[in-house]
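The next block is start29.pdb, given as PDB, C-alpha atoms and all ligand atoms.
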```pdb
ATOM      1  CA  MET M 166      72.979  94.485 110.649
ATOM      2  CA  GLU M 167      72.708  93.800 106.941
ATOM      3  CA  VAL M 168      75.615  92.802 104.713
ATOM      4  CA  ARG M 169      74.984  92.781 100.967
ATOM      5  CA  ALA M 170      76.376  93.671  97.566
ATOM      6  CA  LEU M 171      76.025  97.399  96.892
ATOM      7  CA  THR M 172      74.144  98.742  93.881
ATOM      8  CA  GLU M 173      73.945 102.007  91.967
ATOM      9  CA  ALA M 174      71.565 103.318  94.659
ATOM     10  CA  ASP M 175      74.336 102.963  97.278
ATOM     11  CA  ALA M 176      76.989 104.802  95.247
ATOM     12  CA  GLU M 177      76.804 108.099  97.164
ATOM     13  CA  ALA M 178      76.959 106.387 100.572
ATOM     14  CA  TRP M 179      79.897 104.273  99.386
ATOM     15  CA  LEU M 180      81.761 107.360  98.145
ATOM     16  CA  ALA M 181      81.234 109.186 101.468
ATOM     17  CA  LEU M 182      82.539 106.216 103.480
ATOM     18  CA  ARG M 183      85.418 105.643 101.063
ATOM     19  CA  LEU M 184      86.493 109.281 101.425
ATOM     20  CA  ARG M 185      86.294 108.957 105.200
ATOM     21  CA  ALA M 186      88.549 105.878 105.029
ATOM     22  CA  LEU M 187      91.108 107.664 102.847
ATOM     23  CA  ARG M 188      91.159 110.746 105.098
ATOM     24  CA  GLU M 189      91.443 108.735 108.336
ATOM     25  CA  HIS M 190      94.028 106.237 107.058
ATOM     26  CA  PRO M 191      96.354 107.808 104.460
ATOM     27  CA  ASP M 192      98.927 105.142 105.401
ATOM     28  CA  ALA M 193      96.565 102.227 104.664
ATOM     29  CA  PHE M 194      95.349 103.024 101.160
ATOM     30  CA  VAL M 195      97.077 104.001  97.908
ATOM     31  CA  ALA M 196      94.324 106.322  96.642
ATOM     32  CA  THR M 197      94.062 109.883  97.928
ATOM     33  CA  PRO M 198      90.733 111.608  98.708
ATOM     34  CA  GLU M 199      91.408 114.065  95.872
ATOM     35  CA  GLU M 200      91.931 111.278  93.309
ATOM     36  CA  THR M 201      88.789 109.537  94.505
ATOM     37  CA  GLU M 202      86.672 112.701  94.454
ATOM     38  CA  SER M 203      87.651 113.233  90.827
ATOM     39  CA  LEU M 204      86.625 109.734  89.707
ATOM     40  CA  PRO M 205      84.183 110.020  86.824
ATOM     41  CA  ASP M 206      80.604 108.956  87.527
ATOM     42  CA  VAL M 207      80.809 106.523  90.434
ATOM     43  CA  LYS M 208      77.104 105.665  90.016
ATOM     44  CA  LYS M 209      77.731 104.466  86.481
ATOM     45  CA  ARG M 210      80.561 102.228  87.705
ATOM     46  CA  PHE M 211      78.152 100.477  90.046
ATOM     47  CA  ALA M 212      75.485 100.297  87.365
ATOM     48  CA  THR M 213      77.695  98.772  84.697
ATOM     49  CA  ALA M 214      79.806  96.327  86.753
ATOM     50  CA  ARG M 215      79.167  92.665  85.914
ATOM     51  CA  ASP M 216      78.291  90.486  88.903
ATOM     52  CA  ASP M 217      81.060  87.993  88.161
ATOM     53  CA  GLU M 218      83.689  90.659  87.454
ATOM     54  CA  SER M 219      83.375  93.207  90.224
ATOM     55  CA  ILE M 220      81.483  93.594  93.488
ATOM     56  CA  VAL M 221      81.438  95.995  96.378
ATOM     57  CA  VAL M 222      80.017  94.590  99.598
ATOM     58  CA  GLY M 223      78.661  96.875 102.318
ATOM     59  CA  ALA M 224      77.551  96.489 105.935
ATOM     60  CA  PHE M 225      74.578  98.555 107.165
ATOM     61  CA  ASP M 226      73.845  99.366 110.832
ATOM     62  CA  PRO M 227      71.467 100.988 109.915
ATOM     63  CA  HIS M 228      73.481 103.246 107.595
ATOM     64  CA  LEU M 229      76.594 102.126 105.705
ATOM     65  CA  VAL M 230      79.430 101.383 108.181
ATOM     66  CA  GLY M 231      81.628  98.937 106.246
ATOM     67  CA  ILE M 232      82.850  98.484 102.669
ATOM     68  CA  VAL M 233      85.088  96.129 100.721
ATOM     69  CA  GLY M 234      85.510  95.617  96.991
ATOM     70  CA  CYS M 235      86.717  92.796  94.762
ATOM     71  CA  TYR M 236      87.351  92.775  91.028
ATOM     72  CA  ARG M 237      88.638  90.236  88.526
ATOM     73  CA  LEU M 238      91.878  91.147  86.755
ATOM     74  CA  GLU M 239      91.277  91.975  83.100
ATOM     75  CA  ALA M 240      94.216  90.481  81.198
ATOM     76  CA  THR M 241      93.434  87.128  79.600
ATOM     77  CA  LYS M 242      96.221  85.334  81.465
ATOM     78  CA  GLU M 243      95.248  86.883  84.810
ATOM     79  CA  ARG M 244      91.499  86.416  84.729
ATOM     80  CA  HIS M 245      91.771  83.571  87.250
ATOM     81  CA  ILE M 246      92.726  86.184  89.884
ATOM     82  CA  ALA M 247      90.474  88.656  91.697
ATOM     83  CA  ARG M 248      91.789  91.488  93.807
ATOM     84  CA  ILE M 249      90.260  92.585  97.084
ATOM     85  CA  TRP M 250      90.477  96.325  97.772
ATOM     86  CA  GLY M 251      89.181  99.110  99.952
ATOM     87  CA  MET M 252      88.357  97.188 103.142
ATOM     88  CA  TYR M 253      87.174  99.679 105.763
ATOM     89  CA  ILE M 254      84.961  99.539 108.828
ATOM     90  CA  ALA M 255      84.002 102.850 110.465
ATOM     91  CA  PRO M 256      85.752 103.114 113.864
ATOM     92  CA  GLU M 257      82.435 103.128 115.771
ATOM     93  CA  ALA M 258      81.532  99.730 114.239
ATOM     94  CA  ARG M 259      84.868  97.956 114.681
ATOM     95  CA  GLY M 260      85.577  94.923 116.852
ATOM     96  CA  ARG M 261      82.138  93.336 116.323
ATOM     97  CA  GLY M 262      83.042  90.828 113.634
ATOM     98  CA  ILE M 263      81.766  92.945 110.736
ATOM     99  CA  GLY M 264      85.064  92.931 108.825
ATOM    100  CA  ARG M 265      85.303  89.137 109.087
ATOM    101  CA  PHE M 266      81.679  88.705 108.023
ATOM    102  CA  MET M 267      82.122  90.979 104.988
ATOM    103  CA  LEU M 268      85.231  89.097 103.923
ATOM    104  CA  ASP M 269      83.350  85.787 104.269
ATOM    105  CA  VAL M 270      80.619  87.205 102.030
ATOM    106  CA  VAL M 271      83.189  88.216  99.400
ATOM    107  CA  ILE M 272      84.738  84.730  99.521
ATOM    108  CA  THR M 273      81.332  83.057  99.232
ATOM    109  CA  LEU M 274      80.241  85.245  96.306
ATOM    110  CA  THR M 275      83.511  84.990  94.368
ATOM    111  CA  ARG M 276      83.565  81.190  94.720
ATOM    112  CA  GLU M 277      80.723  81.322  92.162
ATOM    113  CA  TRP M 278      82.764  83.362  89.649
ATOM    114  CA  PRO M 279      83.691  81.036  86.758
ATOM    115  CA  GLU M 280      87.314  79.876  86.638
ATOM    116  CA  LEU M 281      88.473  82.044  89.517
ATOM    117  CA  ASP M 282      91.468  80.437  91.232
ATOM    118  CA  HIS M 283      92.466  82.813  94.027
ATOM    119  CA  LEU M 284      91.866  86.140  95.732
ATOM    120  CA  TRP M 285      94.745  88.551  96.059
ATOM    121  CA  LEU M 286      95.239  91.607  98.228
ATOM    122  CA  HIS M 287      97.821  94.094  99.418
ATOM    123  CA  VAL M 288      98.013  95.202 103.036
ATOM    124  CA  MET M 289     100.405  97.639 104.652
ATOM    125  CA  ARG M 290     102.472  95.629 107.114
ATOM    126  CA  HIS M 291     101.856  98.015 110.002
ATOM    127  CA  GLN M 292      98.059  97.682 109.680
ATOM    128  CA  THR M 293      97.953  95.030 112.391
ATOM    129  CA  ALA M 294      94.172  94.698 112.617
ATOM    130  CA  ALA M 295      93.749  94.221 108.859
ATOM    131  CA  ARG M 296      96.695  91.841 108.607
ATOM    132  CA  ARG M 297      95.369  89.676 111.452
ATOM    133  CA  LEU M 298      91.895  89.714 109.971
ATOM    134  CA  TYR M 299      93.169  88.394 106.639
ATOM    135  CA  LEU M 300      95.408  85.764 108.238
ATOM    136  CA  SER M 301      92.566  84.552 110.456
ATOM    137  CA  CYS M 302      90.282  84.246 107.397
ATOM    138  CA  GLY M 303      92.774  81.950 105.655
ATOM    139  CA  PHE M 304      94.861  84.356 103.579
ATOM    140  CA  GLU M 305      98.598  83.655 103.411
ATOM    141  CA  VAL M 306     101.495  86.017 102.792
ATOM    142  CA  ILE M 307     103.151  85.354  99.409
ATOM    143  CA  GLY M 308     105.471  88.326  99.141
ATOM    144  CA  SER M 309     106.237  91.856 100.129
ATOM    145  CA  HIS M 310     107.075  95.209  98.642
ATOM    146  CA  PRO M 311     109.263  97.366 100.874
ATOM    147  CA  ARG M 312     108.695 101.138 100.817
ATOM    148  CA  VAL M 313     105.800 100.800  98.395
ATOM    149  CA  LEU M 314     103.874 103.738  99.851
ATOM    150  CA  ARG M 315     105.220 107.208 100.552
ATOM    151  CA  VAL M 316     103.128 109.586 102.632
ATOM    152  CA  GLY M 317     104.992 112.816 103.287
ATOM    153  CA  ASP M 318     108.428 111.764 104.490
ATOM    154  CA  CYS M 319     107.359 108.290 105.648
ATOM    155  CA  TYR M 320     107.674 105.059 103.674
ATOM    156  CA  TYR M 321     105.549 101.974 104.355
ATOM    157  CA  ASP M 322     106.064  98.304 103.515
ATOM    158  CA  GLU M 323     103.324  96.155 102.037
ATOM    159  CA  ASP M 324     102.557  92.435 102.203
ATOM    160  CA  GLN M 325     100.819  90.632  99.378
ATOM    161  CA  MET M 326      98.425  87.883 100.428
ATOM    162  CA  VAL M 327      96.341  85.253  98.666
ATOM    163  CA  PHE M 328      93.317  83.131  99.502
ATOM    164  CA  ARG M 329      93.137  79.956  97.460
ATOM    165  CA  LEU M 330      89.595  79.209  96.273
ATOM    166  CA  ARG M 331      90.534  75.792  94.798
TER     167      ARG M 331
HETATM  168  C1  LIG X   1      90.872  96.021 109.604
HETATM  169  C2  LIG X   1      89.405  96.307 109.857
HETATM  170  C3  LIG X   1      88.663  96.247 108.525
HETATM  171  C4  LIG X   1      88.838  95.246 110.800
HETATM  172  O1  LIG X   1      87.437  95.399 110.888
HETATM  173  P1  LIG X   1      86.606  94.882 112.182
HETATM  174  O2  LIG X   1      85.173  94.801 111.782
HETATM  175  O3  LIG X   1      86.932  95.713 113.358
HETATM  176  O4  LIG X   1      87.216  93.405 112.371
HETATM  177  P2  LIG X   1      86.494  92.174 113.101
HETATM  178  O5  LIG X   1      85.778  92.668 114.315
HETATM  179  O6  LIG X   1      85.701  91.412 112.095
HETATM  180  O7  LIG X   1      87.744  91.313 113.575
HETATM  181  C5  LIG X   1      88.168  90.180 112.853
HETATM  182  C6  LIG X   1      89.605  89.829 113.210
HETATM  183  O8  LIG X   1      90.462  90.900 112.802
HETATM  184  C7  LIG X   1      91.538  91.025 113.744
HETATM  185  N1  LIG X   1      91.437  92.328 114.399
HETATM  186  C8  LIG X   1      90.405  93.203 114.339
HETATM  187  N2  LIG X   1      90.678  94.316 115.050
HETATM  188  C9  LIG X   1      91.909  94.136 115.585
HETATM  189  C10 LIG X   1      92.761  94.949 116.383
HETATM  190  N3  LIG X   1      92.395  96.169 116.792
HETATM  191  N4  LIG X   1      93.972  94.447 116.705
HETATM  192  C11 LIG X   1      94.372  93.238 116.281
HETATM  193  N5  LIG X   1      93.603  92.420 115.523
HETATM  194  C12 LIG X   1      92.391  92.864 115.170
HETATM  195  C13 LIG X   1      91.368  89.890 114.736
HETATM  196  O9  LIG X   1      92.042  88.750 114.230
HETATM  197  C14 LIG X   1      89.862  89.668 114.689
HETATM  198  O10 LIG X   1      89.479  88.386 115.086
HETATM  199  P3  LIG X   1      89.135  88.101 116.647
HETATM  200  O11 LIG X   1      88.089  89.095 117.035
HETATM  201  O12 LIG X   1      88.634  86.681 116.619
HETATM  202  O13 LIG X   1      90.415  88.293 117.396
HETATM  203  C15 LIG X   1      89.231  97.706 110.530
HETATM  204  O14 LIG X   1      90.030  97.753 111.691
HETATM  205  C16 LIG X   1      89.622  98.876 109.628
HETATM  206  O15 LIG X   1      88.799  99.359 108.847
HETATM  207  N6  LIG X   1      90.862  99.357 109.754
HETATM  208  C17 LIG X   1      91.344 100.566 109.061
HETATM  209  C18 LIG X   1      91.422 100.402 107.557
HETATM  210  C19 LIG X   1      92.337  99.290 107.113
HETATM  211  O16 LIG X   1      93.400  99.060 107.640
HETATM  212  N7  LIG X   1      91.871  98.621 106.050
HETATM  213  C20 LIG X   1      92.609  97.544 105.437
HETATM  214  C21 LIG X   1      93.251  98.010 104.175
HETATM  215  S1  LIG X   1      94.122  96.655 103.367
END
```
Let me see the structure of the file written as structure tokens.
Amino acid sequence: MEVRALTEADAEAWLALRLRALREHPDAFVATPEETESLPDVKKRFATARDDESIVVGAFDPHLVGIVGCYRLEATKERHIARIWGMYIAPEARGRGIGRFMLDVVITLTREWPELDHLWLHVMRHQTAARRLYLSCGFEVIGSHPRVLRVGDCYYDEDQMVFRLR
């Protein structure tokens, strides 16, 4: 098992796993597979991201089985916040501590980002595994957004959580 920051060379594997996540869990993620497939030049995004602005961490066993991203908000008055997104572990690799380990890696790496104050994420309330993972890693619920996601005729509520770095 290897957990590391992904690079341009991993872009295709990331995209394949991301699309799998979006297809398997339409009620866990905002993006649709179609929107993600039409993203312009994913490789370039990996190539041009600054290390203290945006990272995507991946777990390999031996191929890519887990992904999670984190990026710093752009607005001047929000640059002390980074948002975690796209956490997904392939079903065959779940329940072995990989999600927790990847989140620990993100926390460790972002602690080095200058002037970052806290990590922020959104999780659908019914995603019990993800919610418990975040709570057990030290995230706390700071608010909620009822009916934030609509998939077909179903609405889903979201919790917003933060992890304080300082
Ligand atoms: C949430 C997810 C990333 C967890 O990954 P994982 O590698 O299986 O998690 P871990 O094995 O590291 O488990 C860490 C903690 O998460 C929680 N957890 C994991 N799976 C769980 C489950 N099925 N039920 C309840 N809690 C669970 C537990 O607190 C666990 O700690 P413990 O083993 O000490 O009890 C994975 O289930 C997933 O990809 N789910 C679908 C996508 C998703 O919901 N993504 C989040 C979007 S915000």
Can you sort out the box for ligand LIG 1 (chain X), edges along x, y and z, all listed atoms in, 5 Å on every side, with centre and edge lengths in Å to one decimal, as AutoDock Vina command-line options?
```
--center_x 89.8 --center_y 93.6 --center_z 110.4 --size_x 19.2 --size_y 23.9 --size_z 24.0
```
Subject >> Distance query M:Arg312 at most 9 Å, all atoms listed in the file, self and fewer than 6 positions along chain excluded, as a PyMOL selection string >> reply: chain M and resi 319-323
**OP:** Write out as a PyMOL selection string each polymer residue (protein, DNA or RNA) that has an atom no more than 10 Å from ligand LIG 1 (chain X), with all atoms listed in the file counted.
**Re:** chain M and resi 186-187+189-195+224+230-233+249-269+286-302+323-325
Subject >> Option closest in space to M:Asp206, from M:Glu305, M:Ala247, M:Glu173, M:Pro279 [counting all atoms listed in the file] >> reply: M:Glu173
**OP:** Name all residues at most 10 Å from M:Thr213 (count all atoms listed in the file; drop same-chain ones fewer than 4 positions away) and give them as a list in words.
**Re:**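 Final neighbour list, sorted by chain and number: Thr172, Glu173, Lys208, Lys209 and Ser219 of chain M.
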**OP:** Could you list the residues chosen by the PyMOL selection byres (((chain M and resi 244) around 12) and not hetatm) in this structure as a PyMOL selection string?
**Re:** chain M and resi 217-219+236-243+245-248+278-285
Incomplete stretch 293-307 of chain M filled out to N, CA and C atoms as a short mmCIF file (atom, residue, chain, number, x, y, z; two decimals), keeping the file's coordinate frame:
```
data_model
loop_
_atom_site.label_atom_id
_atom_site.label_comp_id
_atom_site.auth_asym_id
_atom_site.auth_seq_id
_atom_site.Cartn_x
_atom_site.Cartn_y
_atom_site.Cartn_z
N THR M 293 98.03 96.30 111.65
CA THR M 293 97.95 95.03 112.39
C THR M 293 96.56 94.41 112.36
N ALA M 294 95.54 95.24 112.56
CA ALA M 294 94.17 94.70 112.62
C ALA M 294 93.81 94.04 111.28
N ALA M 295 94.09 94.76 110.18
CA ALA M 295 93.75 94.22 108.86
C ALA M 295 94.55 92.95 108.56
N ARG M 296 95.82 92.99 108.88
CA ARG M 296 96.70 91.84 108.61
C ARG M 296 96.19 90.61 109.36
N ARG M 297 95.86 90.81 110.65
CA ARG M 297 95.37 89.68 111.45
C ARG M 297 94.03 89.17 110.94
N LEU M 298 93.19 90.12 110.53
CA LEU M 298 91.90 89.71 109.97
C LEU M 298 92.11 88.79 108.77
N TYR M 299 92.96 89.20 107.85
CA TYR M 299 93.17 88.39 106.64
C TYR M 299 93.78 87.04 106.98
N LEU M 300 94.78 87.05 107.86
CA LEU M 300 95.41 85.76 108.24
C LEU M 300 94.38 84.84 108.88
N SER M 301 93.52 85.40 109.74
CA SER M 301 92.57 84.55 110.46
C SER M 301 91.46 84.05 109.53
N CYS M 302 91.28 84.71 108.37
CA CYS M 302 90.28 84.25 107.40
C CYS M 302 90.88 83.25 106.40
N GLY M 303 92.18 82.96 106.52
CA GLY M 303 92.77 81.95 105.66
C GLY M 303 93.68 82.50 104.56
N PHE M 304 93.92 83.80 104.55
CA PHE M 304 94.86 84.36 103.58
C PHE M 304 96.28 84.04 104.03
N GLU M 305 97.19 83.88 103.07
CA GLU M 305 98.60 83.66 103.41
C GLU M 305 99.48 84.67 102.70
N VAL M 306 100.57 85.03 103.36
CA VAL M 306 101.50 86.02 102.79
C VAL M 306 102.32 85.33 101.71
N ILE M 307 102.36 85.94 100.50
CA ILE M 307 103.15 85.35 99.41
C ILE M 307 104.32 86.23 99.00
#
```
